[in-house]
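Visitor: This is the structure I want to talk about, given as structure tokens.
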Amino acid sequence: KMSFLGLFKHKKSSTTTKAKDKVQEPTTSHSKTDLALSESATTRQTWKSGPITAIVIGCGQRGRCYSEYALIRPNELQIVAAADPRATARSYMSRTFGLANDAVFEHWQPLVEKGRIADAAIICTQDQQHLEPCQACKRLGCHVLLEKPMACSPLDCARLVHREWLSEPDQLMVICHVLRYLPAVRKIHQFIRSGQLGRLCHVQHTEPVGYAHFAHSYVRGNWRNEAGSAFSLLTKCCHDVDLICYWMPSRCSRVSSFGSLVHFRPEEKPEGAAERCVDCSVEKDCPYSAVKAYIFPGVWSPAAFVDREACNGDHAKYQQLVEEAVKTGPYGRCVYNCDNDVCDHQVVNMEFDDGATASLTMMAFTEAVCVRSSVFYGTRGELRWNGASYGDTALTMYEFASMDHMHVPVGLGPEGDNQEAPPAGSGRMRGHGSADFFLAQAFVRALLKAKDSAEAGGDTAGSSLAELQRELNDSTLYGHLVAFAAEESRKRGTVVSIGEYIDSVMSRLDEDC
């Protein structure tokens, strides 16, 4: 059977630095993957080979977000073509990036039929539409930045990595697990390996989805049911599972999970509630009212169903389109009468080879919106992350020996732990605490570095990309399969062995061939 090569083979540092007022910088380096992606990213560079060219397949919020890197760093990235079934999205891409009519497509197939017209492809289609365009772009020879999750079944994920990308080691596929690129997240990875926490025993990680966000995306929206997308742990929290696997010094060995859809069901519908919020007599008392969410006071963006940019600054027109959509469209439905079936709360319990454990909580019913928090329990101290991207208060440690509370500084720029911050006015790229920008920058600059080396006649470009490709895809696939195993545990009501689960997936892949 195929094996997972080098998954999370971390070396633990033997050096522990006792902190006083501030915790000192860990002496260990980033993992191989981190270093490969970020070593050239902490300073402004002039690239000899010119910008990386890219096509964009799927031009919704995520596709536009990553594409905006070309507006911020036009010397590094250039968008040369785009495909999206929506006329407003195509118009936006054409207008924003100066694309000619013959460079904008309604479907992705005619775009890839033009051949390899770019160095890379940014693929941000709906979840169940990731596999085919990714395979097609790989066969063209393009590098790919692919929105998470990579696919909606464990077999398709394994097929994408082992049957497609590992066969072409000089091509890079990066899954948009953007949280990995947050300065605080990388600092935590370093800090655990520095030994200052002692032996890591447990991680407690929480993803507060937010009540309005959950109602928008997972009750009324595109990710509301498994038939149209996938289970919510995968679509919402596969990068949280990935984070835990990234932080932990050893592999996950067993997983269990519990959760269900408890609230957004017909039997929970208030007495007197209507089919649509605009007609509902109890709408004012309902926290999930579409009127409150999108019209007044407007606690959630209607960008999923009304394109503000297509209104060309006409606010009255925009407001009229929003109101009409709430009256007649799917986002105006009563949350208790939708065709949703994904969990609104779920816990995942993980055990690792070294005896450590971790718990992940996904919760719909929160005030905070996706502001994750984590606690790391070690034998020498306790480390807390408040969800901030960087700064002097993002991480706090309580050291048992000194009985002191200390801040762990998380910096940016050449003196920090990660890439430069996005400039002011960078819009969508500040999403996820600017992790969207950090990811795009890491992907583009890894390709620029290899391209410069190749054009200079160097013989290391292919090998460096191959090494990065192997480690990224093995670790990413591993995190996805842990998420699938957790969902199997939830549905079966049993503890699932990760080794046995992976073996079963790989056996099915062998049989499929």
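We name chains A, B, ... following the order of the structure tokens; residues begin at 1 in each chain, and ligands are numbered from 1 as shown.
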Name the residues of segment 349-432 of chain A that come out as strand (DSSP E) in a backbone DSSP run; write them as a ChimeraX atom specification.
Guide: /A:349-352,357-363,373-378,381-385,391-399,404-410
Visitor: Skip Cys334 of chain A itself and residues of its chain fewer than 6 positions away, then list as an MDAnalysis selection string all residues within 12 Å of it, counting only C-alpha atoms.
Guide: chainID A and resid 215:216 219:220 264:266 268:270 272:283 286:291 326:328 340
Visitor: Write the selection just made, keeping C-alpha atoms, as a PDB file, in the first residue's frame?
Guide:
ATOM      1  CA  ALA A 215     -27.690  30.547   9.945  1.00  0.00           C
ATOM      2  CA  HIS A 216     -26.374  32.239   6.780  1.00  0.00           C
ATOM      3  CA  VAL A 219     -28.818  26.634   7.399  1.00  0.00           C
ATOM      4  CA  ARG A 220     -29.845  28.828   4.448  1.00  0.00           C
ATOM      5  CA  PHE A 264     -32.566  24.363  13.199  1.00  0.00           C
ATOM      6  CA  ARG A 265     -35.328  21.798  12.798  1.00  0.00           C
ATOM      7  CA  PRO A 266     -39.088  22.060  12.073  1.00  0.00           C
ATOM      8  CA  GLU A 268     -38.109  23.927  17.024  1.00  0.00           C
ATOM      9  CA  LYS A 269     -40.123  26.432  14.980  1.00  0.00           C
ATOM     10  CA  PRO A 270     -41.838  29.024  17.192  1.00  0.00           C
ATOM     11  CA  GLY A 272     -46.983  31.450  14.673  1.00  0.00           C
ATOM     12  CA  ALA A 273     -43.783  31.582  12.615  1.00  0.00           C
ATOM     13  CA  ALA A 274     -44.202  31.970   8.852  1.00  0.00           C
ATOM     14  CA  GLU A 275     -42.354  30.366   5.960  1.00  0.00           C
ATOM     15  CA  ARG A 276     -40.464  33.578   5.229  1.00  0.00           C
ATOM     16  CA  CYS A 277     -39.080  36.171   7.615  1.00  0.00           C
ATOM     17  CA  VAL A 278     -40.712  39.138   5.857  1.00  0.00           C
ATOM     18  CA  ASP A 279     -44.148  37.604   6.507  1.00  0.00           C
ATOM     19  CA  CYS A 280     -43.474  36.401  10.050  1.00  0.00           C
ATOM     20  CA  SER A 281     -45.382  37.678  13.094  1.00  0.00           C
ATOM     21  CA  VAL A 282     -42.588  36.616  15.477  1.00  0.00           C
ATOM     22  CA  GLU A 283     -39.708  37.915  13.353  1.00  0.00           C
ATOM     23  CA  CYS A 286     -36.222  35.755  16.382  1.00  0.00           C
ATOM     24  CA  PRO A 287     -32.400  35.966  16.580  1.00  0.00           C
ATOM     25  CA  TYR A 288     -32.114  34.302  13.167  1.00  0.00           C
ATOM     26  CA  SER A 289     -34.383  36.712  11.276  1.00  0.00           C
ATOM     27  CA  ALA A 290     -33.203  37.341   7.711  1.00  0.00           C
ATOM     28  CA  VAL A 291     -34.533  40.893   8.027  1.00  0.00           C
ATOM     29  CA  VAL A 326     -34.872  38.381   1.221  1.00  0.00           C
ATOM     30  CA  LYS A 327     -38.498  38.449   0.070  1.00  0.00           C
ATOM     31  CA  THR A 328     -38.167  35.811  -2.638  1.00  0.00           C
ATOM     32  CA  ASN A 340     -30.385  21.684   6.149  1.00  0.00           C
TER      33      ASN A 340
END
Visitor: From a DSSP pass on the backbone, collect the residues of segment 275-461 of chain A flagged as alpha helix (DSSP H) and hand them back as a ChimeraX atom specification.
Guide: /A:290,315-328,435-455,461
Visitor: Excluding same-chain residues fewer than 5 positions from Glu399 of chain A, what lies within 7 Å of it counting only C-alpha atoms, as an NGL selection string?
Guide: :A and (380-382 or 404-405)
Visitor: Export C-alpha atoms of the chosen residues as an mmCIF file, in the first residue's frame?
Guide:
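After the write, part_28.cif holds the following:
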data_model
loop_
_atom_site.group_PDB
_atom_site.id
_atom_site.type_symbol
_atom_site.label_atom_id
_atom_site.label_comp_id
_atom_site.auth_asym_id
_atom_site.auth_seq_id
_atom_site.Cartn_x
_atom_site.Cartn_y
_atom_site.Cartn_z
ATOM 1 C CA ARG A 380 5.816 23.163 32.919
ATOM 2 C CA GLY A 381 3.088 25.636 32.088
ATOM 3 C CA GLU A 382 -0.136 26.628 30.375
ATOM 4 C CA ASP A 404 4.274 34.087 36.752
ATOM 5 C CA HIS A 405 1.926 35.099 33.957
#
Visitor: From the list A:Arg224, A:His407, A:Lys284, A:Arg163, which residue is nearest Lys138 of chain A when using only C-alpha atoms?
Guide: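 Ranked by minimum distance to Lys138 of chain A, first place goes to A:Arg163.
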Visitor: Between atom CA of Asp510 of chain A and atom CA of Ser232 of chain A, measure the distance and give it in Å to one decimal.
Guide: 28.2 Å
Visitor: Excluding Leu261 of chain A and any residue of its chain fewer than 5 positions from it, enumerate the residues within 8 Å of it, using only C-alpha atoms, and give them as a list in words.
Guide: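 Near neighbours after the sequence-gap exclusion: Asp341, Val342, Cys343, Asp344 and His345 of chain A.
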Visitor: Could you take the residues named above and write them with C-alpha atoms, as a compact mmCIF listing (two decimals), in the first residue's frame?
Guide:
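Output contents, as saved in out00.txt:
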# COMPACT_ATOMS: atom_id res chain seq x y z
CA ASP A 341 -29.00 18.59 7.84
CA VAL A 342 -25.46 19.41 9.06
CA CYS A 343 -24.49 19.53 12.73
CA ASP A 344 -24.89 22.82 14.55
CA HIS A 345 -22.52 21.69 17.29
Visitor: What's the 9 Å shell around Thr206 of chain A, counting only C-alpha atoms, without same-chain residues fewer than 5 positions away, as a list in words?
Guide: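 The neighbour list is Asp240, Ser359, Leu360, Thr361, Met362, Met363, Val371, Arg372, Ser373 and Ser374 of chain A.
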Visitor: Could the residues in this selection be saved with C-alpha atoms as a CSV table (one decimal), in the first residue's frame?
Guide:
chain,number,residue,atom,x,y,z
A,240,ASP,CA,-9.1,23.4,12.7
A,359,SER,CA,-10.4,18.4,21.9
A,360,LEU,CA,-12.0,20.5,19.2
A,361,THR,CA,-15.4,22.2,19.8
A,362,MET,CA,-17.4,23.6,16.9
A,363,MET,CA,-20.3,25.7,18.1
A,371,VAL,CA,-12.4,34.0,16.6
A,372,ARG,CA,-10.7,30.8,17.6
A,373,SER,CA,-9.2,30.3,21.0
A,374,SER,CA,-6.9,27.6,22.3
Visitor: Which is closest to His205 of chain A among A:Thr476, A:Asn349, A:Thr88, A:Thr396, if we use only C-alpha atoms?
Guide: A:Asn349
Visitor: Using only C-alpha atoms, find the one residue out of A:Leu99, A:Met350, A:Ala83, A:Ile117 that sits nearest to Ile57 of chain A.
Guide: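 For Ile57 of chain A, the nearest of the given residues is A:Ala83.
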Visitor: List the neighbours of segment 147-152 of chain A out to 9 Å using only C-alpha atoms; skip same-chain residues closer than 3 positions along the sequence, and give me the result as a PyMOL selection string.
Guide: chain A and resi 62-63+122-131+155-157+160+174-177+229-231+234-236+238-239+476-477+480
Visitor: Convert the current residue selection to file output with C-alpha atoms, as an mmCIF file, in the first residue's frame.
Guide:
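Contents of the output file out.cif:
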data_model
loop_
_atom_site.group_PDB
_atom_site.id
_atom_site.type_symbol
_atom_site.label_atom_id
_atom_site.label_comp_id
_atom_site.auth_asym_id
_atom_site.auth_seq_id
_atom_site.Cartn_x
_atom_site.Cartn_y
_atom_site.Cartn_z
ATOM 1 C CA ARG A 62 -12.765 33.346 -1.849
ATOM 2 C CA GLY A 63 -11.608 33.530 -5.455
ATOM 3 C CA ILE A 122 -6.555 29.535 -8.164
ATOM 4 C CA ILE A 123 -9.529 27.190 -7.737
ATOM 5 C CA CYS A 124 -12.379 28.369 -5.510
ATOM 6 C CA THR A 125 -15.425 26.598 -6.893
ATOM 7 C CA GLN A 126 -18.045 25.066 -4.610
ATOM 8 C CA ASP A 127 -16.719 22.167 -2.535
ATOM 9 C CA GLN A 128 -18.095 19.340 -4.654
ATOM 10 C CA GLN A 129 -16.628 20.959 -7.770
ATOM 11 C CA HIS A 130 -12.976 21.014 -6.625
ATOM 12 C CA LEU A 131 -11.776 17.689 -7.979
ATOM 13 C CA LEU A 155 -11.265 8.588 -1.553
ATOM 14 C CA ASP A 156 -11.296 11.704 -3.734
ATOM 15 C CA CYS A 157 -8.847 13.421 -1.361
ATOM 16 C CA LEU A 160 -6.097 13.865 -5.739
ATOM 17 C CA VAL A 174 -1.483 24.147 -1.772
ATOM 18 C CA ILE A 175 -4.783 23.762 0.068
ATOM 19 C CA CYS A 176 -6.115 27.003 1.557
ATOM 20 C CA HIS A 177 -5.693 26.107 5.209
ATOM 21 C CA SER A 229 -21.650 20.037 -0.040
ATOM 22 C CA ALA A 230 -20.389 17.940 2.905
ATOM 23 C CA PHE A 231 -20.700 17.624 6.684
ATOM 24 C CA LEU A 234 -15.232 19.193 7.008
ATOM 25 C CA THR A 235 -16.552 22.356 5.371
ATOM 26 C CA LYS A 236 -16.115 24.593 8.422
ATOM 27 C CA CYS A 238 -11.142 20.896 8.445
ATOM 28 C CA HIS A 239 -8.530 23.590 8.941
ATOM 29 C CA THR A 476 -2.887 18.159 4.299
ATOM 30 C CA LEU A 477 -4.308 14.794 3.269
ATOM 31 C CA HIS A 480 -8.519 15.744 5.970
#
Visitor: Atom CA of Val495 of chain A and atom CA of Ala358 of chain A are how many Å apart?
Guide: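 Between these atoms lies a distance of 14.4 Å.
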Visitor: Which is closest to Tyr331 of chain A among A:Phe376, A:Asp102, A:Gly221, A:Asp354, if we use only C-alpha atoms?
Guide: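 Answer, going by the shortest atom-to-atom distance: A:Gly221.
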Visitor: Skipping near chain neighbours, those fewer than 6 positions away, what residues fall within 10 Å of Glu113 of chain A using only C-alpha atoms, listed as a ChimeraX atom specification?
Guide: /A:136-137,140
Visitor: Export, as a short mmCIF file (atom, residue, chain, number, x, y, z; two decimals), in the first residue's frame, the selected residues with N, CA and C atoms.
Guide:
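Once written, result.cif looks like this:
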data_model
loop_
_atom_site.label_atom_id
_atom_site.label_comp_id
_atom_site.auth_asym_id
_atom_site.auth_seq_id
_atom_site.Cartn_x
_atom_site.Cartn_y
_atom_site.Cartn_z
N ALA A 136 -7.69 18.78 -13.99
CA ALA A 136 -7.45 19.33 -15.33
C ALA A 136 -6.27 20.30 -15.33
N CYS A 137 -6.20 21.15 -14.31
CA CYS A 137 -5.10 22.12 -14.25
C CYS A 137 -3.77 21.44 -13.97
N LEU A 140 -2.40 20.19 -17.12
CA LEU A 140 -1.84 21.26 -17.95
C LEU A 140 -0.42 21.63 -17.53
#
Visitor: Quote the spacing between atom CA of Asp392 of chain A and atom CA of Gly411 of chain A in Å to one decimal place.
Guide: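 Taking atom CA of Asp392 of chain A as the start and atom CA of Gly411 of chain A as the end point, the length is 7.9 Å.
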Visitor: Could you tell me which of A:Ala485, A:Met173, A:Ala54, A:Ala82 comes closest to Tyr69 of chain A if we count only C-alpha atoms?
Guide: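 Answer, going by the shortest atom-to-atom distance: A:Ala54.
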Visitor: Using only C-alpha atoms, can you tell me which of A:Val161, A:Arg445, A:Pro154, A:Gln319 comes closest to Gln135 of chain A?
Guide: A:Val161
